[in-house]
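Below is the file coords-v5.txt, which contains compact mmCIF, N, CA and C atoms.
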# COMPACT_ATOMS: atom_id res chain seq x y z
N MET G 9 0.46 -7.37 -10.36
CA MET G 9 0.37 -6.61 -9.13
C MET G 9 0.55 -5.11 -9.41
N LYS G 10 1.48 -4.79 -10.29
CA LYS G 10 1.78 -3.39 -10.58
C LYS G 10 0.54 -2.67 -11.11
N GLU G 11 -0.21 -3.34 -11.97
CA GLU G 11 -1.42 -2.72 -12.53
C GLU G 11 -2.44 -2.41 -11.44
N GLN G 12 -2.56 -3.31 -10.50
CA GLN G 12 -3.50 -3.13 -9.38
C GLN G 12 -3.07 -1.92 -8.53
N LEU G 13 -1.78 -1.78 -8.30
CA LEU G 13 -1.27 -0.65 -7.53
C LEU G 13 -1.46 0.68 -8.28
N ILE G 14 -1.26 0.65 -9.59
CA ILE G 14 -1.47 1.85 -10.41
C ILE G 14 -2.93 2.29 -10.33
N LYS G 15 -3.86 1.33 -10.45
CA LYS G 15 -5.29 1.65 -10.35
C LYS G 15 -5.63 2.26 -9.00
N ALA G 16 -5.08 1.70 -7.93
CA ALA G 16 -5.34 2.23 -6.59
C ALA G 16 -4.83 3.66 -6.47
N MET G 17 -3.68 3.94 -7.06
CA MET G 17 -3.14 5.30 -7.01
C MET G 17 -4.01 6.26 -7.81
N GLN G 18 -4.42 5.85 -9.01
CA GLN G 18 -5.26 6.69 -9.86
C GLN G 18 -6.61 6.98 -9.22
N ARG G 19 -7.15 6.01 -8.51
CA ARG G 19 -8.46 6.16 -7.86
C ARG G 19 -8.35 6.78 -6.46
N ASN G 20 -7.11 7.06 -6.04
CA ASN G 20 -6.88 7.67 -4.72
C ASN G 20 -7.41 6.76 -3.60
N GLN G 21 -7.24 5.45 -3.76
CA GLN G 21 -7.76 4.48 -2.80
C GLN G 21 -6.75 4.16 -1.71
N VAL G 22 -7.27 3.86 -0.54
CA VAL G 22 -6.48 3.30 0.55
C VAL G 22 -6.51 1.78 0.34
N ILE G 23 -5.35 1.13 0.48
CA ILE G 23 -5.29 -0.31 0.28
C ILE G 23 -4.57 -1.00 1.45
N ASP G 24 -4.94 -2.24 1.66
CA ASP G 24 -4.25 -3.09 2.63
C ASP G 24 -3.24 -3.94 1.86
N LEU G 25 -2.00 -3.94 2.33
CA LEU G 25 -0.94 -4.71 1.69
C LEU G 25 -0.45 -5.81 2.62
N MET G 26 -0.13 -6.94 2.04
CA MET G 26 0.69 -7.94 2.71
C MET G 26 2.06 -7.74 2.07
N TYR G 27 3.05 -7.40 2.89
CA TYR G 27 4.34 -6.98 2.37
C TYR G 27 5.47 -7.76 3.04
N MET G 28 6.45 -8.15 2.23
CA MET G 28 7.61 -8.86 2.77
C MET G 28 8.81 -7.90 2.77
N SER G 29 9.37 -7.65 3.95
CA SER G 29 10.52 -6.75 4.07
C SER G 29 11.78 -7.40 3.53
N LYS G 30 12.84 -6.61 3.44
CA LYS G 30 14.13 -7.13 2.95
C LYS G 30 14.61 -8.31 3.80
N GLY G 31 14.30 -8.26 5.09
CA GLY G 31 14.72 -9.32 6.00
C GLY G 31 13.83 -10.55 5.97
N GLY G 32 12.77 -10.53 5.16
CA GLY G 32 11.89 -11.68 5.04
C GLY G 32 10.69 -11.65 5.97
N GLU G 33 10.53 -10.58 6.75
CA GLU G 33 9.40 -10.47 7.67
C GLU G 33 8.16 -10.03 6.89
N ILE G 34 7.05 -10.70 7.13
CA ILE G 34 5.79 -10.37 6.45
C ILE G 34 4.94 -9.52 7.37
N THR G 35 4.49 -8.36 6.84
CA THR G 35 3.68 -7.44 7.62
C THR G 35 2.44 -7.04 6.84
N LYS G 36 1.42 -6.59 7.57
CA LYS G 36 0.22 -6.06 6.95
C LYS G 36 0.28 -4.54 7.11
N ARG G 37 0.12 -3.83 6.00
CA ARG G 37 0.18 -2.38 6.03
C ARG G 37 -1.06 -1.80 5.37
N ARG G 38 -1.54 -0.70 5.90
CA ARG G 38 -2.62 0.07 5.27
C ARG G 38 -1.98 1.33 4.71
N VAL G 39 -2.02 1.49 3.38
CA VAL G 39 -1.29 2.58 2.73
C VAL G 39 -2.16 3.32 1.71
N LYS G 40 -1.69 4.52 1.39
CA LYS G 40 -2.25 5.31 0.30
C LYS G 40 -1.07 5.70 -0.58
N ILE G 41 -1.09 5.26 -1.83
CA ILE G 41 0.05 5.44 -2.73
C ILE G 41 0.14 6.90 -3.17
N ILE G 42 1.36 7.44 -3.09
CA ILE G 42 1.62 8.83 -3.46
C ILE G 42 2.20 8.91 -4.87
N LYS G 43 3.25 8.11 -5.12
CA LYS G 43 3.84 8.08 -6.47
C LYS G 43 4.51 6.74 -6.71
N MET G 44 4.66 6.43 -8.00
CA MET G 44 5.26 5.15 -8.38
C MET G 44 6.44 5.37 -9.31
N THR G 45 7.41 4.46 -9.21
CA THR G 45 8.52 4.41 -10.15
C THR G 45 8.45 3.04 -10.84
N VAL G 46 9.47 2.69 -11.57
CA VAL G 46 9.47 1.43 -12.31
C VAL G 46 9.35 0.22 -11.39
N ASP G 47 10.12 0.22 -10.30
CA ASP G 47 10.15 -0.97 -9.45
C ASP G 47 9.76 -0.74 -7.99
N SER G 48 9.33 0.50 -7.65
CA SER G 48 8.93 0.79 -6.28
C SER G 48 7.84 1.86 -6.26
N PHE G 49 7.30 2.10 -5.07
CA PHE G 49 6.32 3.18 -4.93
C PHE G 49 6.44 3.79 -3.54
N GLN G 50 6.10 5.06 -3.48
CA GLN G 50 6.09 5.78 -2.21
C GLN G 50 4.64 5.88 -1.76
N ALA G 51 4.41 5.62 -0.48
CA ALA G 51 3.04 5.65 0.05
C ALA G 51 3.05 6.13 1.49
N TYR G 52 1.90 6.68 1.88
CA TYR G 52 1.73 7.01 3.29
C TYR G 52 1.26 5.75 3.99
N CYS G 53 1.99 5.31 5.01
CA CYS G 53 1.64 4.11 5.76
C CYS G 53 0.89 4.53 7.02
N PHE G 54 -0.35 4.08 7.15
CA PHE G 54 -1.16 4.42 8.31
C PHE G 54 -0.71 3.67 9.56
N VAL G 55 -0.04 2.54 9.38
CA VAL G 55 0.47 1.77 10.52
C VAL G 55 1.65 2.51 11.17
N LYS G 56 2.59 2.95 10.34
CA LYS G 56 3.78 3.66 10.84
C LYS G 56 3.56 5.17 10.95
N GLN G 57 2.46 5.66 10.38
CA GLN G 57 2.12 7.08 10.34
C GLN G 57 3.25 7.91 9.74
N ALA G 58 3.74 7.45 8.59
CA ALA G 58 4.82 8.13 7.90
C ALA G 58 4.87 7.68 6.44
N LYS G 59 5.56 8.45 5.61
CA LYS G 59 5.78 8.05 4.23
C LYS G 59 6.82 6.94 4.21
N ARG G 60 6.58 5.94 3.39
CA ARG G 60 7.49 4.81 3.25
C ARG G 60 7.65 4.47 1.77
N THR G 61 8.77 3.87 1.43
CA THR G 61 9.01 3.38 0.07
C THR G 61 8.91 1.86 0.09
N PHE G 62 8.12 1.32 -0.83
CA PHE G 62 7.89 -0.11 -0.92
C PHE G 62 8.37 -0.62 -2.28
N ILE G 63 8.94 -1.82 -2.30
CA ILE G 63 9.36 -2.46 -3.55
C ILE G 63 8.18 -3.28 -4.07
N ILE G 64 7.82 -3.04 -5.32
CA ILE G 64 6.64 -3.68 -5.91
C ILE G 64 6.74 -5.20 -5.86
N ASP G 65 7.91 -5.75 -6.13
CA ASP G 65 8.09 -7.21 -6.13
C ASP G 65 7.89 -7.83 -4.74
N ASN G 66 7.97 -7.02 -3.68
CA ASN G 66 7.79 -7.54 -2.32
C ASN G 66 6.35 -7.46 -1.83
N VAL G 67 5.45 -6.93 -2.66
CA VAL G 67 4.04 -6.89 -2.30
C VAL G 67 3.44 -8.26 -2.60
N LEU G 68 2.93 -8.92 -1.58
CA LEU G 68 2.37 -10.26 -1.73
C LEU G 68 0.89 -10.21 -2.09
N ALA G 69 0.17 -9.20 -1.57
CA ALA G 69 -1.26 -9.03 -1.85
C ALA G 69 -1.64 -7.59 -1.62
N ALA G 70 -2.64 -7.12 -2.37
CA ALA G 70 -3.13 -5.76 -2.22
C ALA G 70 -4.64 -5.77 -2.38
N VAL G 71 -5.36 -5.22 -1.38
CA VAL G 71 -6.82 -5.22 -1.40
C VAL G 71 -7.31 -3.82 -1.06
N PRO G 72 -8.19 -3.25 -1.90
CA PRO G 72 -8.75 -1.92 -1.58
C PRO G 72 -9.55 -1.96 -0.28
N VAL G 73 -9.47 -0.89 0.49
CA VAL G 73 -10.20 -0.77 1.75
C VAL G 73 -11.53 -0.08 1.48
N THR G 74 -12.62 -0.67 1.95
CA THR G 74 -13.93 -0.05 1.76
C THR G 74 -14.12 1.07 2.77
N ILE G 75 -15.06 1.94 2.51
CA ILE G 75 -15.34 3.06 3.41
C ILE G 75 -15.73 2.56 4.79
N ARG G 76 -16.50 1.51 4.86
CA ARG G 76 -16.94 0.95 6.13
C ARG G 76 -15.75 0.48 6.97
N GLU G 77 -14.76 -0.15 6.32
CA GLU G 77 -13.57 -0.62 7.03
C GLU G 77 -12.72 0.55 7.53
N ARG G 78 -12.70 1.66 6.82
CA ARG G 78 -11.92 2.81 7.23
C ARG G 78 -12.43 3.39 8.54
N LEU G 79 -13.73 3.36 8.74
CA LEU G 79 -14.33 3.94 9.92
C LEU G 79 -13.98 3.16 11.19
N VAL G 80 -13.68 1.87 11.04
CA VAL G 80 -13.37 1.02 12.18
C VAL G 80 -12.02 1.39 12.77
N ILE G 81 -11.07 1.72 11.92
CA ILE G 81 -9.70 1.98 12.41
C ILE G 81 -9.46 3.45 12.65

Do you think you could lay out the structure here as structure tokens?
Amino acid sequence: MKEQLIKAMQRNQVIDLMYMSKGGEITKRRVKIIKMTVDSFQAYCFVKQAKRTFIIDNVLAAVPVTIRERLVI
């Protein structure tokens, strides 16, 4: 998963994440990764419209967003 996130950051891609919070709640987030550390990353979350920190181990799935999908939202 980490490699996929690194590629998305290097390519400046917007990605859709399935993410599990500390409390066990699963959410779908559309993010653009700003920077990464060993076990987490900072990203702009389009759902919350703010910068958020995500734990890499809590990312369940990550899919790049196509240009066509961006225009819909």

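One distance worth recording is that between atom N of Gly32 in chain G and atom N of Val67 in chain G, which is 11.3 Å.
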
Checklist entry - Excluding same-chain residues fewer than 2 positions from Pro72 in chain G, what lies within 7 Å of it counting all atoms listed in the file, as a PyMOL selection string? => result chain G and resi 21-24+70+74

Atomic distance atom N of Gln12 in chain G - atom N of Lys59 in chain G, expressed in Å with one decimal
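The value is 21.5 Å.
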
Report the distance between atom C of Arg19 in chain G and atom C of Ile34 in chain G in Å, rounded to one decimal place.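 Separation between atom C of Arg19 in chain G and atom C of Ile34 in chain G: 25.2 Å.
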
Within 6.5 Å of Ile64 in chain G using only N, CA and C atoms, minus same-chain residues under 6 positions, as a PyMOL selection string
chain G and resi 47-49

message = Would you pick out the contacts of range 27-30 of chain G at 7 Å or less, using all atoms listed in the file, so that residues sharing its chain but fewer than 5 positions from it are not included, and give the list as a VMD selection string?
response = chain G and resid 35 to 37 66 to 69

One residue among G:Ala16, G:Gln50, G:Glu33, G:Ile42 is nearest to Phe62 in chain G when using only N, CA and C atoms, and that residue is G:Gln50

| Those in chain G with strand (DSSP E) from DSSP, as a PyMOL selection string | chain G and resi 22-28+34-44+48-53+58-63+67-72

Report task. List every residue of chain G that DSSP, applied to the backbone of this structure, places in helix (DSSP H, G or I), and write the result as a ChimeraX atom specification. Result -> /G:10-18,64-66,75-80

Write a file of the just-selected residues containing N, CA and C atoms, as an mmCIF file, in the coordinates of the input.
data_model
loop_
_atom_site.group_PDB
_atom_site.id
_atom_site.type_symbol
_atom_site.label_atom_id
_atom_site.label_comp_id
_atom_site.auth_asym_id
_atom_site.auth_seq_id
_atom_site.Cartn_x
_atom_site.Cartn_y
_atom_site.Cartn_z
ATOM 1 N N LYS G 10 1.480 -4.790 -10.290
ATOM 2 C CA LYS G 10 1.780 -3.390 -10.580
ATOM 3 C C LYS G 10 0.540 -2.670 -11.110
ATOM 4 N N GLU G 11 -0.210 -3.340 -11.970
ATOM 5 C CA GLU G 11 -1.420 -2.720 -12.530
ATOM 6 C C GLU G 11 -2.440 -2.410 -11.440
ATOM 7 N N GLN G 12 -2.560 -3.310 -10.500
ATOM 8 C CA GLN G 12 -3.500 -3.130 -9.380
ATOM 9 C C GLN G 12 -3.070 -1.920 -8.530
ATOM 10 N N LEU G 13 -1.780 -1.780 -8.300
ATOM 11 C CA LEU G 13 -1.270 -0.650 -7.530
ATOM 12 C C LEU G 13 -1.460 0.680 -8.280
ATOM 13 N N ILE G 14 -1.260 0.650 -9.590
ATOM 14 C CA ILE G 14 -1.470 1.850 -10.410
ATOM 15 C C ILE G 14 -2.930 2.290 -10.330
ATOM 16 N N LYS G 15 -3.860 1.330 -10.450
ATOM 17 C CA LYS G 15 -5.290 1.650 -10.350
ATOM 18 C C LYS G 15 -5.630 2.260 -9.000
ATOM 19 N N ALA G 16 -5.080 1.700 -7.930
ATOM 20 C CA ALA G 16 -5.340 2.230 -6.590
ATOM 21 C C ALA G 16 -4.830 3.660 -6.470
ATOM 22 N N MET G 17 -3.680 3.940 -7.060
ATOM 23 C CA MET G 17 -3.140 5.300 -7.010
ATOM 24 C C MET G 17 -4.010 6.260 -7.810
ATOM 25 N N GLN G 18 -4.420 5.850 -9.010
ATOM 26 C CA GLN G 18 -5.260 6.690 -9.860
ATOM 27 C C GLN G 18 -6.610 6.980 -9.220
ATOM 28 N N ILE G 64 7.820 -3.040 -5.320
ATOM 29 C CA ILE G 64 6.640 -3.680 -5.910
ATOM 30 C C ILE G 64 6.740 -5.200 -5.860
ATOM 31 N N ASP G 65 7.910 -5.750 -6.130
ATOM 32 C CA ASP G 65 8.090 -7.210 -6.130
ATOM 33 C C ASP G 65 7.890 -7.830 -4.740
ATOM 34 N N ASN G 66 7.970 -7.020 -3.680
ATOM 35 C CA ASN G 66 7.790 -7.540 -2.320
ATOM 36 C C ASN G 66 6.350 -7.460 -1.830
ATOM 37 N N ILE G 75 -15.060 1.940 2.510
ATOM 38 C CA ILE G 75 -15.340 3.060 3.410
ATOM 39 C C ILE G 75 -15.730 2.560 4.790
ATOM 40 N N ARG G 76 -16.500 1.510 4.860
ATOM 41 C CA ARG G 76 -16.940 0.950 6.130
ATOM 42 C C ARG G 76 -15.750 0.480 6.970
ATOM 43 N N GLU G 77 -14.760 -0.150 6.320
ATOM 44 C CA GLU G 77 -13.570 -0.620 7.030
ATOM 45 C C GLU G 77 -12.720 0.550 7.530
ATOM 46 N N ARG G 78 -12.700 1.660 6.820
ATOM 47 C CA ARG G 78 -11.920 2.810 7.230
ATOM 48 C C ARG G 78 -12.430 3.390 8.540
ATOM 49 N N LEU G 79 -13.730 3.360 8.740
ATOM 50 C CA LEU G 79 -14.330 3.940 9.920
ATOM 51 C C LEU G 79 -13.980 3.160 11.190
ATOM 52 N N VAL G 80 -13.680 1.870 11.040
ATOM 53 C CA VAL G 80 -13.370 1.020 12.180
ATOM 54 C C VAL G 80 -12.020 1.390 12.770
#

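Taking only C-alpha atoms into account, Ile14 in chain G lies nearest to G:Ile41 out of the set G:Val73, G:Ile41, G:Val55, G:Met26.
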
With distances taken over only N, CA and C atoms, the candidate from G:Cys53, G:Ile63, G:Ala58, G:Val39 nearest Leu25 in chain G is G:Val39

The residue from G:Asn20, G:Gly31, G:Arg38, G:Leu13 with the smallest atom-to-atom distance to Arg60 in chain G, counting only C-alpha atoms, is G:Arg38

Can you patch up range 17-28 of chain G, filling it in to N, CA, C and O atoms, and show the result as a tab-separated table (two decimals), keeping the file's coordinate frame?
chain	number	residue	atom	x	y	z
G	17	MET	N	-3.68	3.94	-7.06
G	17	MET	CA	-3.14	5.30	-7.01
G	17	MET	C	-4.01	6.26	-7.81
G	17	MET	O	-4.34	7.35	-7.35
G	18	GLN	N	-4.42	5.85	-9.01
G	18	GLN	CA	-5.26	6.69	-9.86
G	18	GLN	C	-6.61	6.98	-9.22
G	18	GLN	O	-7.15	8.07	-9.37
G	19	ARG	N	-7.15	6.01	-8.51
G	19	ARG	CA	-8.46	6.16	-7.86
G	19	ARG	C	-8.35	6.78	-6.46
G	19	ARG	O	-9.35	6.93	-5.78
G	20	ASN	N	-7.11	7.06	-6.04
G	20	ASN	CA	-6.88	7.67	-4.72
G	20	ASN	C	-7.41	6.76	-3.60
G	20	ASN	O	-7.96	7.25	-2.61
G	21	GLN	N	-7.24	5.45	-3.76
G	21	GLN	CA	-7.76	4.48	-2.80
G	21	GLN	C	-6.75	4.16	-1.71
G	21	GLN	O	-5.55	4.14	-1.93
G	22	VAL	N	-7.27	3.86	-0.54
G	22	VAL	CA	-6.48	3.30	0.55
G	22	VAL	C	-6.51	1.78	0.34
G	22	VAL	O	-7.55	1.21	0.05
G	23	ILE	N	-5.35	1.13	0.48
G	23	ILE	CA	-5.29	-0.31	0.28
G	23	ILE	C	-4.57	-1.00	1.45
G	23	ILE	O	-3.74	-0.39	2.12
G	24	ASP	N	-4.94	-2.24	1.66
G	24	ASP	CA	-4.25	-3.09	2.63
G	24	ASP	C	-3.24	-3.94	1.86
G	24	ASP	O	-3.59	-4.55	0.85
G	25	LEU	N	-2.00	-3.94	2.33
G	25	LEU	CA	-0.94	-4.71	1.69
G	25	LEU	C	-0.45	-5.81	2.62
G	25	LEU	O	-0.34	-5.61	3.82
G	26	MET	N	-0.13	-6.94	2.04
G	26	MET	CA	0.69	-7.94	2.71
G	26	MET	C	2.06	-7.74	2.07
G	26	MET	O	2.20	-7.86	0.84
G	27	TYR	N	3.05	-7.40	2.89
G	27	TYR	CA	4.34	-6.98	2.37
G	27	TYR	C	5.47	-7.76	3.04
G	27	TYR	O	5.45	-7.97	4.24
G	28	MET	N	6.45	-8.15	2.23
G	28	MET	CA	7.61	-8.86	2.77
G	28	MET	C	8.81	-7.90	2.77
G	28	MET	O	9.19	-7.38	1.72
